[in-house]
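Undergrad: Dropping in target-v7.cif, with mmCIF, C-alpha atoms.
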data_target
#
loop_
_atom_site.group_PDB
_atom_site.id
_atom_site.type_symbol
_atom_site.label_atom_id
_atom_site.label_comp_id
_atom_site.auth_asym_id
_atom_site.auth_seq_id
_atom_site.Cartn_x
_atom_site.Cartn_y
_atom_site.Cartn_z
ATOM 1 C CA MET A 1 4.574 -39.315 23.846
ATOM 2 C CA ARG A 2 5.669 -38.837 27.460
ATOM 3 C CA ARG A 3 6.226 -35.226 28.542
ATOM 4 C CA LYS A 4 9.683 -34.452 29.859
ATOM 5 C CA LEU A 5 10.013 -33.892 33.602
ATOM 6 C CA VAL A 6 12.852 -31.898 35.138
ATOM 7 C CA ALA A 7 12.780 -32.332 38.904
ATOM 8 C CA GLY A 8 15.086 -30.778 41.474
ATOM 9 C CA ASN A 9 16.160 -32.147 44.843
ATOM 10 C CA TRP A 10 17.428 -29.537 47.293
ATOM 11 C CA LYS A 11 18.488 -32.155 49.872
ATOM 12 C CA MET A 12 19.431 -30.596 53.240
ATOM 13 C CA ASN A 13 19.831 -27.139 51.773
ATOM 14 C CA GLY A 14 17.695 -24.044 51.472
ATOM 15 C CA SER A 15 16.026 -21.350 53.549
ATOM 16 C CA LEU A 16 13.114 -18.949 53.321
ATOM 17 C CA GLU A 17 15.448 -16.481 51.666
ATOM 18 C CA ALA A 18 16.524 -19.100 49.107
ATOM 19 C CA LEU A 19 12.920 -19.450 47.903
ATOM 20 C CA ALA A 20 13.481 -16.278 45.884
ATOM 21 C CA GLU A 21 15.131 -18.629 43.357
ATOM 22 C CA LEU A 22 11.671 -20.009 42.554
ATOM 23 C CA ASP A 23 10.565 -16.723 41.002
ATOM 24 C CA ALA A 24 12.815 -17.067 37.965
ATOM 25 C CA ILE A 25 11.967 -20.753 37.635
ATOM 26 C CA ASN A 26 8.275 -19.796 37.538
ATOM 27 C CA GLN A 27 8.941 -18.054 34.242
ATOM 28 C CA GLU A 28 9.857 -21.386 32.638
ATOM 29 C CA THR A 29 6.647 -23.193 33.558
ATOM 30 C CA GLY A 30 3.571 -23.806 31.436
ATOM 31 C CA GLY A 31 5.485 -25.038 28.402
ATOM 32 C CA ALA A 32 6.302 -28.472 27.040
ATOM 33 C CA VAL A 33 8.350 -29.514 30.082
ATOM 34 C CA ASP A 34 6.988 -30.393 33.523
ATOM 35 C CA VAL A 35 8.970 -28.830 36.377
ATOM 36 C CA ALA A 36 9.133 -29.938 40.015
ATOM 37 C CA ILE A 37 11.359 -29.359 43.029
ATOM 38 C CA ALA A 38 11.550 -31.384 46.238
ATOM 39 C CA VAL A 39 12.494 -29.191 49.192
ATOM 40 C CA PRO A 40 13.153 -29.818 52.894
ATOM 41 C CA ALA A 41 9.964 -30.388 54.887
ATOM 42 C CA THR A 42 10.287 -27.012 56.610
ATOM 43 C CA LEU A 43 10.048 -25.240 53.245
ATOM 44 C CA ILE A 44 7.199 -27.145 51.599
ATOM 45 C CA HIS A 45 4.406 -24.781 52.670
ATOM 46 C CA PRO A 46 6.075 -21.476 51.728
ATOM 47 C CA ALA A 47 7.535 -22.973 48.538
ATOM 48 C CA ALA A 48 4.146 -24.288 47.416
ATOM 49 C CA ALA A 49 2.634 -20.850 48.016
ATOM 50 C CA ARG A 50 5.313 -19.215 45.862
ATOM 51 C CA ALA A 51 5.873 -21.688 43.032
ATOM 52 C CA ARG A 52 3.807 -22.103 39.888
ATOM 53 C CA PHE A 53 5.080 -25.664 39.490
ATOM 54 C CA ALA A 54 5.037 -28.837 41.577
ATOM 55 C CA ILE A 55 6.631 -28.700 45.016
ATOM 56 C CA GLY A 56 7.347 -31.976 46.763
ATOM 57 C CA ALA A 57 8.975 -33.654 49.720
ATOM 58 C CA GLU A 58 12.351 -35.360 49.697
ATOM 59 C CA ASP A 59 11.065 -38.407 51.568
ATOM 60 C CA VAL A 60 8.064 -39.731 53.490
ATOM 61 C CA HIS A 61 7.498 -42.545 55.962
ATOM 62 C CA GLY A 62 5.625 -45.655 54.841
ATOM 63 C CA ALA A 63 3.085 -45.277 57.667
ATOM 64 C CA ASP A 64 0.449 -42.569 57.853
ATOM 65 C CA SER A 65 1.119 -41.871 61.532
ATOM 66 C CA GLY A 66 2.676 -43.443 64.632
ATOM 67 C CA ALA A 67 5.682 -43.509 66.934
ATOM 68 C CA HIS A 68 8.268 -42.475 64.339
ATOM 69 C CA THR A 69 10.086 -39.554 65.907
ATOM 70 C CA GLY A 70 11.483 -37.099 63.383
ATOM 71 C CA CYS A 71 9.711 -38.625 60.380
ATOM 72 C CA VAL A 72 7.009 -37.081 58.203
ATOM 73 C CA SER A 73 4.114 -38.913 56.582
ATOM 74 C CA ALA A 74 2.466 -38.608 53.184
ATOM 75 C CA PRO A 75 -0.659 -36.912 54.598
ATOM 76 C CA MET A 76 1.564 -34.448 56.484
ATOM 77 C CA VAL A 77 3.480 -33.312 53.415
ATOM 78 C CA LYS A 78 0.250 -33.187 51.403
ATOM 79 C CA GLU A 79 -1.304 -30.896 54.001
ATOM 80 C CA ALA A 80 1.776 -28.682 53.755
ATOM 81 C CA GLY A 81 1.285 -28.348 49.997
ATOM 82 C CA ALA A 82 3.400 -31.093 48.456
ATOM 83 C CA THR A 83 2.083 -32.882 45.388
ATOM 84 C CA PHE A 84 4.809 -35.543 45.213
ATOM 85 C CA SER A 85 7.784 -37.017 47.036
ATOM 86 C CA ILE A 86 11.056 -38.654 46.160
ATOM 87 C CA VAL A 87 11.453 -42.151 47.628
ATOM 88 C CA GLY A 88 14.398 -44.537 47.634
ATOM 89 C CA HIS A 89 17.128 -41.989 47.004
ATOM 90 C CA SER A 90 20.517 -43.669 47.316
ATOM 91 C CA GLU A 91 21.459 -41.338 50.156
ATOM 92 C CA ARG A 92 18.615 -42.903 52.132
ATOM 93 C CA ARG A 93 19.134 -46.453 50.876
ATOM 94 C CA GLN A 94 22.791 -46.270 51.908
ATOM 95 C CA GLY A 95 22.897 -43.757 54.741
ATOM 96 C CA GLN A 96 19.605 -44.780 56.359
ATOM 97 C CA HIS A 97 19.806 -48.465 55.343
ATOM 98 C CA GLU A 98 16.430 -48.417 53.622
ATOM 99 C CA THR A 99 15.409 -51.618 51.861
ATOM 100 C CA ASP A 100 13.435 -52.135 48.676
ATOM 101 C CA ALA A 101 10.473 -53.076 50.899
ATOM 102 C CA ASP A 102 10.772 -49.739 52.712
ATOM 103 C CA VAL A 103 10.830 -47.876 49.425
ATOM 104 C CA LYS A 104 7.820 -49.770 48.103
ATOM 105 C CA ALA A 105 5.861 -48.982 51.279
ATOM 106 C CA LYS A 106 6.679 -45.285 50.942
ATOM 107 C CA ALA A 107 5.560 -45.171 47.313
ATOM 108 C CA GLU A 108 2.332 -46.939 48.216
ATOM 109 C CA ALA A 109 1.745 -44.441 51.040
ATOM 110 C CA LEU A 110 2.007 -41.632 48.505
ATOM 111 C CA ARG A 111 -0.493 -43.323 46.218
ATOM 112 C CA ARG A 112 -2.971 -43.770 49.090
ATOM 113 C CA HIS A 113 -3.007 -40.033 49.549
ATOM 114 C CA GLY A 114 -3.122 -39.010 45.911
ATOM 115 C CA LEU A 115 0.498 -37.900 45.679
ATOM 116 C CA ASP A 116 2.982 -38.616 42.895
ATOM 117 C CA ALA A 117 6.230 -40.504 43.486
ATOM 118 C CA ILE A 118 9.718 -40.349 42.012
ATOM 119 C CA LEU A 119 11.271 -43.712 42.853
ATOM 120 C CA CYS A 120 15.074 -43.842 42.715
ATOM 121 C CA VAL A 121 17.287 -46.784 41.808
ATOM 122 C CA GLY A 122 21.004 -47.059 41.101
ATOM 123 C CA GLU A 123 24.183 -49.086 41.445
ATOM 124 C CA THR A 124 27.516 -48.532 43.165
ATOM 125 C CA LEU A 125 30.791 -48.162 41.286
ATOM 126 C CA GLU A 126 31.866 -51.603 42.504
ATOM 127 C CA GLN A 127 28.700 -53.183 41.117
ATOM 128 C CA ARG A 128 29.171 -51.476 37.766
ATOM 129 C CA GLU A 129 32.824 -52.482 37.510
ATOM 130 C CA ALA A 130 31.815 -56.064 38.318
ATOM 131 C CA GLY A 131 29.436 -56.033 35.348
ATOM 132 C CA LYS A 132 26.356 -56.259 37.568
ATOM 133 C CA ALA A 133 24.887 -52.777 37.102
ATOM 134 C CA GLU A 134 21.814 -53.727 35.086
ATOM 135 C CA GLU A 135 21.191 -56.820 37.225
ATOM 136 C CA VAL A 136 21.302 -54.761 40.424
ATOM 137 C CA VAL A 137 19.147 -51.904 39.148
ATOM 138 C CA THR A 138 16.438 -54.019 37.561
ATOM 139 C CA ALA A 139 16.244 -56.077 40.768
ATOM 140 C CA GLN A 140 15.692 -52.834 42.684
ATOM 141 C CA VAL A 141 12.959 -51.848 40.240
ATOM 142 C CA ARG A 142 11.129 -55.147 40.626
ATOM 143 C CA ALA A 143 11.388 -55.205 44.432
ATOM 144 C CA SER A 144 10.572 -51.500 44.953
ATOM 145 C CA LEU A 145 7.745 -51.264 42.420
ATOM 146 C CA PRO A 146 4.554 -50.298 44.266
ATOM 147 C CA ASP A 147 1.232 -52.025 43.786
ATOM 148 C CA GLY A 148 -0.852 -50.087 41.283
ATOM 149 C CA ALA A 149 2.230 -48.658 39.590
ATOM 150 C CA SER A 150 1.158 -46.320 36.808
ATOM 151 C CA GLY A 151 2.539 -43.453 34.806
ATOM 152 C CA HIS A 152 -0.306 -41.343 36.126
ATOM 153 C CA TRP A 153 1.565 -40.973 39.424
ATOM 154 C CA LEU A 154 4.909 -42.792 39.280
ATOM 155 C CA SER A 155 8.251 -41.902 37.699
ATOM 156 C CA ILE A 156 11.490 -43.838 38.113
ATOM 157 C CA ALA A 157 14.841 -42.068 38.419
ATOM 158 C CA TYR A 158 18.018 -43.934 37.552
ATOM 159 C CA GLU A 159 20.827 -42.423 39.595
ATOM 160 C CA PRO A 160 24.142 -44.280 39.475
ATOM 161 C CA ILE A 161 25.416 -43.841 43.024
ATOM 162 C CA TRP A 162 28.947 -43.154 41.846
ATOM 163 C CA ALA A 163 27.719 -40.143 39.835
ATOM 164 C CA ILE A 164 25.706 -38.373 42.535
ATOM 165 C CA GLY A 165 27.408 -35.167 43.579
ATOM 166 C CA THR A 166 30.768 -36.355 42.270
ATOM 167 C CA GLY A 167 30.885 -34.566 38.952
ATOM 168 C CA LYS A 168 31.093 -37.940 37.208
ATOM 169 C CA VAL A 169 28.399 -38.637 34.647
ATOM 170 C CA ALA A 170 27.425 -41.888 32.983
ATOM 171 C CA THR A 171 27.982 -42.016 29.238
ATOM 172 C CA ILE A 172 24.991 -41.617 26.945
ATOM 173 C CA ALA A 173 25.423 -45.246 25.897
ATOM 174 C CA ASP A 174 25.408 -46.414 29.530
ATOM 175 C CA VAL A 175 22.290 -44.368 30.301
ATOM 176 C CA GLU A 176 20.442 -45.645 27.235
ATOM 177 C CA ALA A 177 21.347 -49.247 28.016
ATOM 178 C CA MET A 178 20.209 -48.931 31.632
ATOM 179 C CA HIS A 179 16.971 -47.155 30.772
ATOM 180 C CA ALA A 180 16.196 -49.824 28.171
ATOM 181 C CA SER A 181 16.721 -52.494 30.839
ATOM 182 C CA ILE A 182 14.480 -50.636 33.292
ATOM 183 C CA ARG A 183 11.775 -50.286 30.648
ATOM 184 C CA ALA A 184 12.005 -54.011 29.889
ATOM 185 C CA ALA A 185 11.661 -54.812 33.604
ATOM 186 C CA LEU A 186 8.581 -52.591 33.786
ATOM 187 C CA VAL A 187 7.059 -54.275 30.737
ATOM 188 C CA ALA A 188 7.611 -57.685 32.318
ATOM 189 C CA ALA A 189 6.012 -56.548 35.576
ATOM 190 C CA LEU A 190 3.155 -54.380 34.307
ATOM 191 C CA GLY A 191 2.572 -55.100 30.649
ATOM 192 C CA THR A 192 3.540 -52.981 27.654
ATOM 193 C CA GLU A 193 0.795 -50.374 27.839
ATOM 194 C CA GLU A 194 1.138 -49.573 31.551
ATOM 195 C CA ALA A 195 4.933 -49.617 31.440
ATOM 196 C CA ALA A 196 4.979 -47.230 28.493
ATOM 197 C CA GLY A 197 3.407 -44.466 30.570
ATOM 198 C CA ILE A 198 6.044 -44.392 33.327
ATOM 199 C CA ARG A 199 8.655 -41.687 32.887
ATOM 200 C CA LEU A 200 12.301 -42.666 33.329
ATOM 201 C CA LEU A 201 14.527 -39.884 34.628
ATOM 202 C CA TYR A 202 18.315 -39.727 34.764
ATOM 203 C CA GLY A 203 20.075 -38.249 37.784
ATOM 204 C CA GLY A 204 23.695 -37.905 38.759
ATOM 205 C CA SER A 205 25.639 -34.653 38.328
ATOM 206 C CA VAL A 206 23.240 -33.290 35.700
ATOM 207 C CA THR A 207 24.278 -29.761 34.699
ATOM 208 C CA ALA A 208 23.505 -27.230 31.986
ATOM 209 C CA ASP A 209 26.591 -28.455 30.126
ATOM 210 C CA ASN A 210 25.565 -32.115 29.845
ATOM 211 C CA ALA A 211 21.768 -31.845 30.047
ATOM 212 C CA ALA A 212 20.993 -31.618 26.336
ATOM 213 C CA GLY A 213 22.750 -34.878 25.499
ATOM 214 C CA LEU A 214 21.300 -36.745 28.464
ATOM 215 C CA LEU A 215 17.745 -35.453 28.124
ATOM 216 C CA HIS A 216 17.451 -36.395 24.469
ATOM 217 C CA ALA A 217 18.930 -39.872 24.813
ATOM 218 C CA ALA A 218 16.675 -42.838 24.076
ATOM 219 C CA GLU A 219 14.218 -43.710 26.879
ATOM 220 C CA VAL A 220 15.207 -40.662 28.930
ATOM 221 C CA ASP A 221 12.093 -38.727 29.884
ATOM 222 C CA GLY A 222 13.704 -36.126 32.100
ATOM 223 C CA ALA A 223 16.164 -35.522 34.889
ATOM 224 C CA LEU A 224 16.415 -35.547 38.666
ATOM 225 C CA VAL A 225 18.799 -32.712 39.453
ATOM 226 C CA GLY A 226 20.670 -32.214 42.719
ATOM 227 C CA GLY A 227 23.018 -29.293 43.317
ATOM 228 C CA ALA A 228 22.195 -27.535 40.059
ATOM 229 C CA SER A 229 18.557 -27.146 41.191
ATOM 230 C CA LEU A 230 19.510 -24.840 44.073
ATOM 231 C CA THR A 231 19.733 -21.748 41.884
ATOM 232 C CA ALA A 232 17.641 -20.624 38.955
ATOM 233 C CA ALA A 233 20.788 -19.696 37.051
ATOM 234 C CA LYS A 234 21.841 -23.353 36.937
ATOM 235 C CA PHE A 235 18.402 -25.019 36.896
ATOM 236 C CA VAL A 236 16.652 -22.988 34.197
ATOM 237 C CA PRO A 237 19.147 -23.963 31.442
ATOM 238 C CA ILE A 238 18.432 -27.628 32.209
ATOM 239 C CA ILE A 239 14.697 -26.998 31.825
ATOM 240 C CA LYS A 240 15.373 -25.263 28.522
ATOM 241 C CA ALA A 241 17.582 -28.149 27.356
ATOM 242 C CA ALA A 242 14.706 -30.554 27.990
ATOM 243 C CA GLY A 243 12.452 -28.535 25.728
#
Written as structure tokens, how would this file's structure read?
TA:
Amino acid sequence: MRRKLVAGNWKMNGSLEALAELDAINQETGGAVDVAIAVPATLIHPAAARARFAIGAEDVHGADSGAHTGCVSAPMVKEAGATFSIVGHSERRQGQHETDADVKAKAEALRRHGLDAILCVGETLEQREAGKAEEVVTAQVRASLPDGASGHWLSIAYEPIWAIGTGKVATIADVEAMHASIRAALVAALGTEEAAGIRLLYGGSVTADNAAGLLHAAEVDGALVGGASLTAAKFVPIIKAAG
């Protein structure tokens, strides 16, 4: 059985003072649920020193070094104390125009340096209303899937773009259908045994109020949490719901 993973994404939020929130989250670690938070690059080192759970980056570049002003590489975030990174978040796919090939390269960079990856996929509202949601998302999975994909280091987060930070949440039936399609795409690409080890997370306005239903839906192995991960008061109940 796959262990549940509840991962937070602070996005462009946080400060040294805000790291005090990690202390209460520490109390929820060591149980049946894996906990992780991706923080801004400036906070990775102090967060890793304070947390008793996985601290990661919110993004990395696909190259290990080079003329990429303002970017950070996998070896850089590893040196700072990160053990994983998010790649392919919709805010980067849309806002930074990242392609599936970019996302794949980033995930492979993480693997080269022994880091875990949470690879995000998701559809727009227009694509869902056109009946193309599963087609779009499974195509993203196939094109973004890194070489050597394995549950030992890779998780996939389904985040419908229309539900991120909007307060809108996909129905349980929609989530189960999409996760089943993603699992089938992984089986086709990797084989049943390898695909079975990859955790599938749901993200998109996950809160303490809706977490229990989402986290115990079929083929849902955890959550990628945005705004609710910024404070222990909102994040800890989601961890507890996963357990």
Undergrad: I'd like to see the residues matched by the PyMOL selection byres ((chain A and resi 123) around 9) on this file, and ideally I'd get them as a PyMOL selection string.
TA: chain A and resi 90+121-122+124-128+132-134+136-137+158-162
Undergrad: Run through the PyMOL selection byres ((chain A and resi 211) around 9) on the given coordinates and return the selected residues as a PyMOL selection string.
TA: chain A and resi 206-210+212-216+223+237-239+241-242
Undergrad: For the PyMOL selection byres ((chain A and resi 7) around 6), applied here, can you spell out every residue it catches as a VMD selection string?
TA: chain A and resid 6 8 35 to 37 224
Undergrad: For the selection just defined, write its residues with C-alpha atoms to a file, as a tab-separated table (two decimals), in the frame of the given file.
TA:
chain	number	residue	atom	x	y	z
A	6	VAL	CA	12.85	-31.90	35.14
A	8	GLY	CA	15.09	-30.78	41.47
A	35	VAL	CA	8.97	-28.83	36.38
A	36	ALA	CA	9.13	-29.94	40.02
A	37	ILE	CA	11.36	-29.36	43.03
A	224	LEU	CA	16.42	-35.55	38.67
Undergrad: Which one of A:Glu129, A:Ala143, A:Gly243, A:Ala232 sits closest to Ala24 in chain A if you count all atoms listed in the file?
TA: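 Of A:Glu129, A:Ala143, A:Gly243, A:Ala232, the one nearest Ala24 in chain A, counting all atoms listed in the file, is A:Ala232.
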Undergrad: So how many Å separate CA of Ser205 in chain A and CA of Phe84 in chain A, to one decimal?
TA: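 The value is 22.0 Å.
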Undergrad: Could you tell me which of A:Ser229, A:Thr166, A:Thr138, A:Ser85 comes closest to Gly204 in chain A if we count all atoms listed in the file?
TA: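 Among A:Ser229, A:Thr166, A:Thr138, A:Ser85, it is A:Thr166 that comes nearest to Gly204 in chain A.
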Undergrad: Under the rule that all atoms listed in the file are counted, which of A:Glu176, A:Asp116, A:Glu28, A:Asp59 is the nearest residue to Trp153 in chain A?
TA: A:Asp116
Undergrad: Nearest residue to Ala180 in chain A out of A:Ala218, A:Ala74, A:Ala38, A:Ala196, using all atoms listed in the file?
TA: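 The shortest atom-to-atom distance to Ala180 in chain A comes from A:Ala218.
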Undergrad: Which value, in Å to one decimal, gives the distance between CA of Ala157 in chain A and CA of Ala32 in chain A?
TA: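 Pair CA of Ala157 in chain A / CA of Ala32 in chain A returns 19.7 Å.
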Undergrad: How many Å lie between CA of Ala41 in chain A and CA of Gly114 in chain A, rounded to one decimal?
TA: 18.1 Å
